[in-house]
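Trainee: Have a look at the structure that comes next, please.
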Amino acid sequence: MNSKEIIENVFWVGAQDFKRRLFDSLVPTPDGTSYNAYLIKGSQKTVLIDTVDPTMSEVLLQNLVSLNITKIDFIISNHAEQDHSGSIPFLLRQYPEAKVVTNEKCKDQLTHLLNINPEKIITIKDNETLDLGNFTLRFIFAPWVHWPETMFTYLQEPNILFSCDFLGSHFASTDIFSKDLDEILPQFKLYYAEIMMPYRAQIKSHLQKLDTIKPAIIAPSHGPIHLLPSRPISAYKQWASDNVKNETVLMYVSMHGSTEKMANHLLSELTRQGIKVHLFELSSTDIGKLASALVDAGSLIFGGPTVVNGLHPLLAYAAYLVSMLKPKARLITMFGSYGWAQKMQEQLLNILSSTKAEVIPGVFCKGCPNNESMQALSNLATEISHRHKSFGQESF
Ligand SMILES: Cc1cc2nc3c(=O)[nH]c(=O)nc-3n(C[C@H](O)[C@H](O)[C@H](O)COP(=O)(O)O)c2cc1C
């Protein structure tokens, strides 16, 4: 896809990857992704903000050639990860006079990840500016969204924020602009869940910076450019806040149907109590959908049988994902069936040991659940419902 003008002398020159189906060997990308690079033609200096995944270096080069770019003064690296900076070595060969501009931490990463000659890198400090003639860029450090070196680049006069992964989405499209977040909400939320959610504290602090500068346009490094940034910003504010919704994520796996009977009973009891249940049978679950459901949920429920003295591996995977993504749920509980000795709970709690959520005792039954087990599950649903109500009216 060809370059596109955002405003006069500011261009999108990235690449759309319609085929990509998995990111970081972890994140499903059912709608592909884009690697957004931006070119700014100042009256005195020409700047490229970020590059593209190295698999698409030639696409970026063609976009630059089509704009008759024969000289680049600075390549700004907002983030050292290869999908943003992986084409820098290639570009430095095409534009040997270019210097890379970034922060000290990113310089360290670029030299180790991409073998970039440190002498080609100019380091800047937080809030430092770069004069392009008729444009001025300001660098705003934004650590931990989602690496320690991540930063934003702010084009001051036309008020455009190049936010790197922050407010991004994995979504390939010939339309690089978004005016209506609803059109990309599933991809936008999935991106938040899988990449940003572990860093809620840092997100809150970076959102305050955005409140100060009030960008007119936000141009992330994946997915569409936000022409109306207030909606994506308020979505991040809601998701990063401590408020939870009256929703639960019920994840389970079952080999012979006993745990599944328990899951179905809990599902109907919780629903009867007015709780929205996101049910995931883990042998057929889209991990991206599971991650997205974790964003707002007030509680998390894990169900599985005891297998070889421990957890079913699929439940272990889901629990590990939860512990890694750090959702804000305030309550965790569990249930399951066993043959002779229940052993899944201890392992599950070990995996979840770093979560701050309160753990309430689960329900376990030997073999197929009987009336007593079903009653215990009904009681558990009532307990969860009471706790959800105590989370506060503002949460609902
Ligand atoms: C491969 C395998 C390993 C098992 N290992 C254990 C075990 O270590 N301890 C135990 O109490 N039950 C064990 N069981 C029995 C199951 O936990 C029991 O059948 C349970 O009811 C299965 O629940 P499900 O129908 O939800 O799969 C094992 C079953 C299978 C198939």
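Order determines the names: the first chain of the structure tokens is A, the second B, and so forth; residues in each chain are numbered 1 upward, and ligands are numbered 1 upward as they are shown.
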Counting only C-alpha atoms and all ligand atoms, which protein, DNA or RNA residues come within 7 Å of ligand 1, given as a VMD selection string?

Mentor: chain A and resid 253 to 260 304 to 310 336 to 343 366 to 368

Trainee: Compile the contact shell of Ala201 (chain A) as number ranges by chain: residues with an atom at most 12 Å away, counting only C-alpha atoms, same-chain residues fewer than 5 positions apart removed.

Mentor: A: 142-146, 196, 206-208, 236-237, 239-242, 326-328

Trainee: Between A:Arg138, A:Ala329, A:Met374, A:Pro220, which has the minimum distance to Asn264 (chain A) (counting only C-alpha atoms)?

Mentor: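 Ranked by minimum distance to Asn264 (chain A), first place goes to A:Met374.
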
Trainee: Would you pick out the contacts of region 12-28 of chain A at 6 Å or less, using only C-alpha atoms, so that residues sharing its chain but fewer than 4 positions from it are not included, and give the list as a short mmCIF file (atom, residue, chain, number, x, y, z; two decimals) with all heavy atoms, in the first residue's frame?

Mentor:
data_model
loop_
_atom_site.label_atom_id
_atom_site.label_comp_id
_atom_site.auth_asym_id
_atom_site.auth_seq_id
_atom_site.Cartn_x
_atom_site.Cartn_y
_atom_site.Cartn_z
N SER A 3 2.15 5.34 0.34
CA SER A 3 2.16 6.32 1.42
C SER A 3 0.88 7.16 1.38
O SER A 3 0.22 7.25 0.33
CB SER A 3 3.37 7.23 1.28
OG SER A 3 3.26 7.95 0.07
N LYS A 4 0.55 7.76 2.53
CA LYS A 4 -0.64 8.62 2.57
C LYS A 4 -0.31 9.89 3.35
O LYS A 4 0.38 9.83 4.38
CB LYS A 4 -1.80 7.90 3.26
CG LYS A 4 -2.39 6.81 2.43
CD LYS A 4 -3.86 6.56 2.74
CE LYS A 4 -4.43 5.62 1.70
NZ LYS A 4 -5.62 4.93 2.11
N GLY A 32 -4.79 -9.21 10.92
CA GLY A 32 -3.47 -8.73 10.52
C GLY A 32 -3.01 -7.59 11.40
O GLY A 32 -3.51 -7.39 12.51
N THR A 33 -2.05 -6.83 10.89
CA THR A 33 -1.60 -5.65 11.62
C THR A 33 -0.97 -4.67 10.65
O THR A 33 -0.86 -4.96 9.45
CB THR A 33 -0.60 -6.02 12.74
OG1 THR A 33 -0.42 -4.89 13.60
CG2 THR A 33 0.75 -6.44 12.17
N SER A 34 -0.62 -3.51 11.16
CA SER A 34 0.16 -2.58 10.34
C SER A 34 1.38 -2.16 11.14
O SER A 34 1.37 -2.19 12.37
CB SER A 34 -0.67 -1.35 9.96
OG SER A 34 -0.96 -0.58 11.11
N TYR A 35 2.44 -1.84 10.42
CA TYR A 35 3.64 -1.27 11.03
C TYR A 35 3.67 0.17 10.55
O TYR A 35 3.94 0.43 9.37
CB TYR A 35 4.89 -2.03 10.59
CG TYR A 35 4.70 -3.54 10.64
CD1 TYR A 35 4.58 -4.29 9.47
CD2 TYR A 35 4.59 -4.19 11.86
CE1 TYR A 35 4.37 -5.65 9.52
CE2 TYR A 35 4.37 -5.56 11.92
CZ TYR A 35 4.27 -6.28 10.74
OH TYR A 35 4.04 -7.64 10.79
N ASN A 36 3.36 1.09 11.44
CA ASN A 36 3.22 2.48 11.01
C ASN A 36 4.54 3.23 11.17
O ASN A 36 5.07 3.32 12.27
CB ASN A 36 2.15 3.18 11.84
CG ASN A 36 0.77 2.56 11.65
OD1 ASN A 36 0.53 1.90 10.64
ND2 ASN A 36 -0.11 2.75 12.61
N ALA A 37 5.02 3.74 10.06
CA ALA A 37 6.17 4.65 10.09
C ALA A 37 5.68 5.97 9.52
O ALA A 37 4.75 5.99 8.70
CB ALA A 37 7.31 4.08 9.24
N TYR A 38 6.25 7.07 9.99
CA TYR A 38 5.76 8.39 9.59
C TYR A 38 6.92 9.25 9.12
O TYR A 38 7.99 9.26 9.74
CB TYR A 38 5.06 9.07 10.78
CG TYR A 38 3.88 8.28 11.30
CD1 TYR A 38 4.01 7.44 12.41
CD2 TYR A 38 2.63 8.36 10.68
CE1 TYR A 38 2.94 6.70 12.89
CE2 TYR A 38 1.55 7.62 11.15
CZ TYR A 38 1.71 6.80 12.26
OH TYR A 38 0.64 6.07 12.72
N LEU A 60 8.52 -0.07 2.95
CA LEU A 60 8.84 1.26 3.51
C LEU A 60 9.72 2.04 2.52
O LEU A 60 9.46 3.21 2.23
CB LEU A 60 9.55 1.08 4.86
CG LEU A 60 10.18 2.32 5.50
CD1 LEU A 60 9.16 3.42 5.73
CD2 LEU A 60 10.85 1.95 6.83
N ASN A 63 7.80 3.39 -0.36
CA ASN A 63 7.00 4.55 0.03
C ASN A 63 7.85 5.82 0.09
O ASN A 63 7.40 6.91 -0.30
CB ASN A 63 6.32 4.31 1.38
CG ASN A 63 5.12 3.39 1.25
OD1 ASN A 63 4.54 3.28 0.17
ND2 ASN A 63 4.75 2.73 2.33
N ALA A 172 -5.06 -4.46 10.06
CA ALA A 172 -4.57 -4.05 8.74
C ALA A 172 -5.75 -3.50 7.93
O ALA A 172 -6.82 -4.11 7.91
CB ALA A 172 -3.95 -5.23 8.01
N GLY A 288 -6.98 -14.58 22.56
CA GLY A 288 -7.19 -13.13 22.46
C GLY A 288 -8.53 -12.73 23.06
O GLY A 288 -8.64 -11.73 23.77
#

Trainee: Given only C-alpha atoms as the basis, pick out the residue of A:Glu194, A:His388, A:Ala235, A:Ile160 nearest to Gln273 (chain A).

Mentor: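 Of all the options, A:His388 lies closest to Gln273 (chain A).
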
Trainee: Considering only C-alpha atoms, return as a short mmCIF file (atom, residue, chain, number, x, y, z; two decimals) with all heavy atoms, in the first residue's frame whatever protein or nucleic-acid residues lie within 10 Å of Leu114 (chain A), sequence-local ones (same chain, fewer than 4 positions apart) excluded.

Mentor:
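Output file out39.cif is given in full below:
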data_model
loop_
_atom_site.label_atom_id
_atom_site.label_comp_id
_atom_site.auth_asym_id
_atom_site.auth_seq_id
_atom_site.Cartn_x
_atom_site.Cartn_y
_atom_site.Cartn_z
N ALA A 80 12.51 0.05 20.71
CA ALA A 80 13.55 -0.77 20.07
C ALA A 80 13.04 -2.08 19.49
O ALA A 80 13.74 -2.73 18.72
CB ALA A 80 14.66 -1.06 21.08
N GLU A 81 11.83 -2.49 19.86
CA GLU A 81 11.35 -3.80 19.41
C GLU A 81 11.40 -3.88 17.87
O GLU A 81 11.16 -2.90 17.17
CB GLU A 81 9.92 -4.04 19.93
CG GLU A 81 9.51 -5.50 19.81
CD GLU A 81 8.12 -5.77 20.40
OE1 GLU A 81 7.51 -4.85 20.99
OE2 GLU A 81 7.65 -6.91 20.25
N GLN A 82 11.65 -5.11 17.40
CA GLN A 82 11.98 -5.28 15.98
C GLN A 82 10.87 -4.87 15.02
O GLN A 82 11.15 -4.48 13.89
CB GLN A 82 12.36 -6.75 15.72
CG GLN A 82 13.72 -7.14 16.29
CD GLN A 82 13.67 -7.59 17.73
OE1 GLN A 82 12.75 -7.24 18.47
NE2 GLN A 82 14.67 -8.35 18.15
N SER A 85 11.69 -1.03 14.98
CA SER A 85 13.05 -0.58 14.68
C SER A 85 13.83 -1.55 13.82
O SER A 85 14.96 -1.26 13.43
CB SER A 85 13.82 -0.33 15.99
OG SER A 85 13.27 0.79 16.64
N GLY A 86 13.21 -2.69 13.50
CA GLY A 86 13.94 -3.75 12.79
C GLY A 86 14.43 -3.36 11.41
O GLY A 86 15.34 -3.99 10.86
N SER A 87 13.84 -2.32 10.81
CA SER A 87 14.30 -1.90 9.49
C SER A 87 15.32 -0.76 9.56
O SER A 87 15.74 -0.25 8.52
CB SER A 87 13.11 -1.46 8.62
OG SER A 87 12.29 -2.56 8.32
N ILE A 88 15.70 -0.36 10.76
CA ILE A 88 16.68 0.74 10.86
C ILE A 88 18.02 0.37 10.20
O ILE A 88 18.55 1.17 9.41
CB ILE A 88 16.88 1.20 12.33
CG1 ILE A 88 15.61 1.88 12.85
CG2 ILE A 88 18.07 2.16 12.44
CD1 ILE A 88 15.69 2.32 14.31
N PRO A 89 18.56 -0.84 10.46
CA PRO A 89 19.84 -1.16 9.79
C PRO A 89 19.74 -1.07 8.26
O PRO A 89 20.63 -0.53 7.60
CB PRO A 89 20.13 -2.59 10.26
CG PRO A 89 19.41 -2.71 11.57
CD PRO A 89 18.16 -1.90 11.40
N GLN A 109 19.29 -0.80 23.84
CA GLN A 109 18.55 -1.91 23.23
C GLN A 109 18.87 -2.05 21.74
O GLN A 109 19.04 -3.16 21.24
CB GLN A 109 17.04 -1.67 23.39
CG GLN A 109 16.54 -1.65 24.81
CD GLN A 109 16.30 -3.04 25.35
OE1 GLN A 109 16.10 -3.98 24.59
NE2 GLN A 109 16.33 -3.18 26.65
N LEU A 110 18.92 -0.92 21.05
CA LEU A 110 19.16 -0.96 19.60
C LEU A 110 20.53 -1.56 19.27
O LEU A 110 20.67 -2.30 18.29
CB LEU A 110 19.07 0.45 18.99
CG LEU A 110 17.69 1.09 18.96
CD1 LEU A 110 17.77 2.54 18.48
CD2 LEU A 110 16.74 0.31 18.07
#

Trainee: Tell me, as a list in words, which residues lie within 7 Å of Lys99 (chain A), counting only C-alpha atoms; anything in the same chain fewer than 6 positions away does not count.

Mentor: Asp73, Phe74, Ile75, Lys120, Ile121 and Ile122 of chain A

Trainee: Write to file, as a CSV table (one decimal), in the first residue's frame, the residues of the selection just made, with N, CA and C atoms.

Mentor:
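So selection20.csv came out as:
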chain,number,residue,atom,x,y,z
A,73,ASP,N,17.4,13.0,7.5
A,73,ASP,CA,18.4,13.5,8.5
A,73,ASP,C,18.3,12.7,9.8
A,74,PHE,N,17.1,12.4,10.2
A,74,PHE,CA,17.0,11.7,11.5
A,74,PHE,C,15.9,10.5,11.4
A,75,ILE,N,16.3,9.4,12.0
A,75,ILE,CA,15.3,8.3,12.1
A,75,ILE,C,15.1,8.2,13.6
A,120,LYS,N,26.1,6.0,15.4
A,120,LYS,CA,25.0,6.5,14.5
A,120,LYS,C,23.9,7.0,15.4
A,121,ILE,N,23.9,6.9,16.7
A,121,ILE,CA,22.8,7.2,17.5
A,121,ILE,C,23.0,8.5,18.3
A,122,ILE,N,22.1,9.4,18.2
A,122,ILE,CA,22.1,10.6,19.1
A,122,ILE,C,21.1,10.4,20.2

Trainee: Would you please work out which residue, of A:Glu157, A:Glu97, A:Asp182, A:Asp50, is nearest to Ile7 (chain A) when using only C-alpha atoms?

Mentor: A:Glu157

Trainee: If you run DSSP on the backbone, which residues of region 14-260 of chain A are helix (DSSP H, G or I), as an MDAnalysis selection string?

Mentor: chainID A and resid 54:66 82:85 88:94 104:113 118:120 181:213 230:240 258:260

Trainee: Could you go through region 191-231 of chain A and tell me which residues DSSP, when run on the backbone, assigns to strand (DSSP E), listing them as a list in words?

Mentor: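 Result set for region 191-231 of chain A (strand (DSSP E)): Ile217, Ile218, Ala219, Pro220, Ile225 and His226 of chain A.
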
Trainee: Keeping only all heavy atoms, take the residues you just selected and write them out as a short mmCIF file (atom, residue, chain, number, x, y, z; two decimals), in the first residue's frame.

Mentor:
data_model
loop_
_atom_site.label_atom_id
_atom_site.label_comp_id
_atom_site.auth_asym_id
_atom_site.auth_seq_id
_atom_site.Cartn_x
_atom_site.Cartn_y
_atom_site.Cartn_z
N ILE A 217 -4.49 14.72 16.96
CA ILE A 217 -4.43 13.44 16.25
C ILE A 217 -3.46 12.54 17.03
O ILE A 217 -2.41 13.01 17.48
CB ILE A 217 -3.91 13.63 14.81
CG1 ILE A 217 -4.91 14.44 13.97
CG2 ILE A 217 -3.62 12.29 14.14
CD1 ILE A 217 -4.41 14.78 12.56
N ILE A 218 -3.82 11.27 17.17
CA ILE A 218 -2.87 10.32 17.76
C ILE A 218 -2.54 9.27 16.71
O ILE A 218 -3.43 8.60 16.17
CB ILE A 218 -3.43 9.67 19.04
CG1 ILE A 218 -3.56 10.74 20.13
CG2 ILE A 218 -2.50 8.55 19.52
CD1 ILE A 218 -4.03 10.23 21.47
N ALA A 219 -1.25 9.17 16.43
CA ALA A 219 -0.78 8.25 15.40
C ALA A 219 0.05 7.15 16.06
O ALA A 219 1.23 7.34 16.34
CB ALA A 219 0.05 9.02 14.37
N PRO A 220 -0.57 6.00 16.34
CA PRO A 220 0.18 4.91 16.98
C PRO A 220 1.02 4.14 15.95
O PRO A 220 0.94 4.42 14.75
CB PRO A 220 -0.92 4.03 17.57
CG PRO A 220 -2.10 4.27 16.69
CD PRO A 220 -1.97 5.65 16.09
N ILE A 225 -4.90 5.48 12.63
CA ILE A 225 -4.58 6.76 13.26
C ILE A 225 -5.88 7.34 13.82
O ILE A 225 -6.89 7.40 13.11
CB ILE A 225 -3.97 7.72 12.21
CG1 ILE A 225 -2.65 7.15 11.70
CG2 ILE A 225 -3.82 9.13 12.76
CD1 ILE A 225 -2.14 7.84 10.44
N HIS A 226 -5.84 7.78 15.07
CA HIS A 226 -7.07 8.29 15.70
C HIS A 226 -7.26 9.77 15.37
O HIS A 226 -6.50 10.62 15.85
CB HIS A 226 -7.00 8.11 17.22
CG HIS A 226 -6.78 6.69 17.64
ND1 HIS A 226 -7.74 5.71 17.49
CD2 HIS A 226 -5.70 6.07 18.20
CE1 HIS A 226 -7.27 4.55 17.93
NE2 HIS A 226 -6.04 4.74 18.36
#

Trainee: With only C-alpha atoms as the atoms that count, which of A:Pro30, A:Tyr199, A:Val47, A:Leu113 lies nearest to Ser169 (chain A)?

Mentor: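 Smallest separation from Ser169 (chain A) among the options: A:Pro30.
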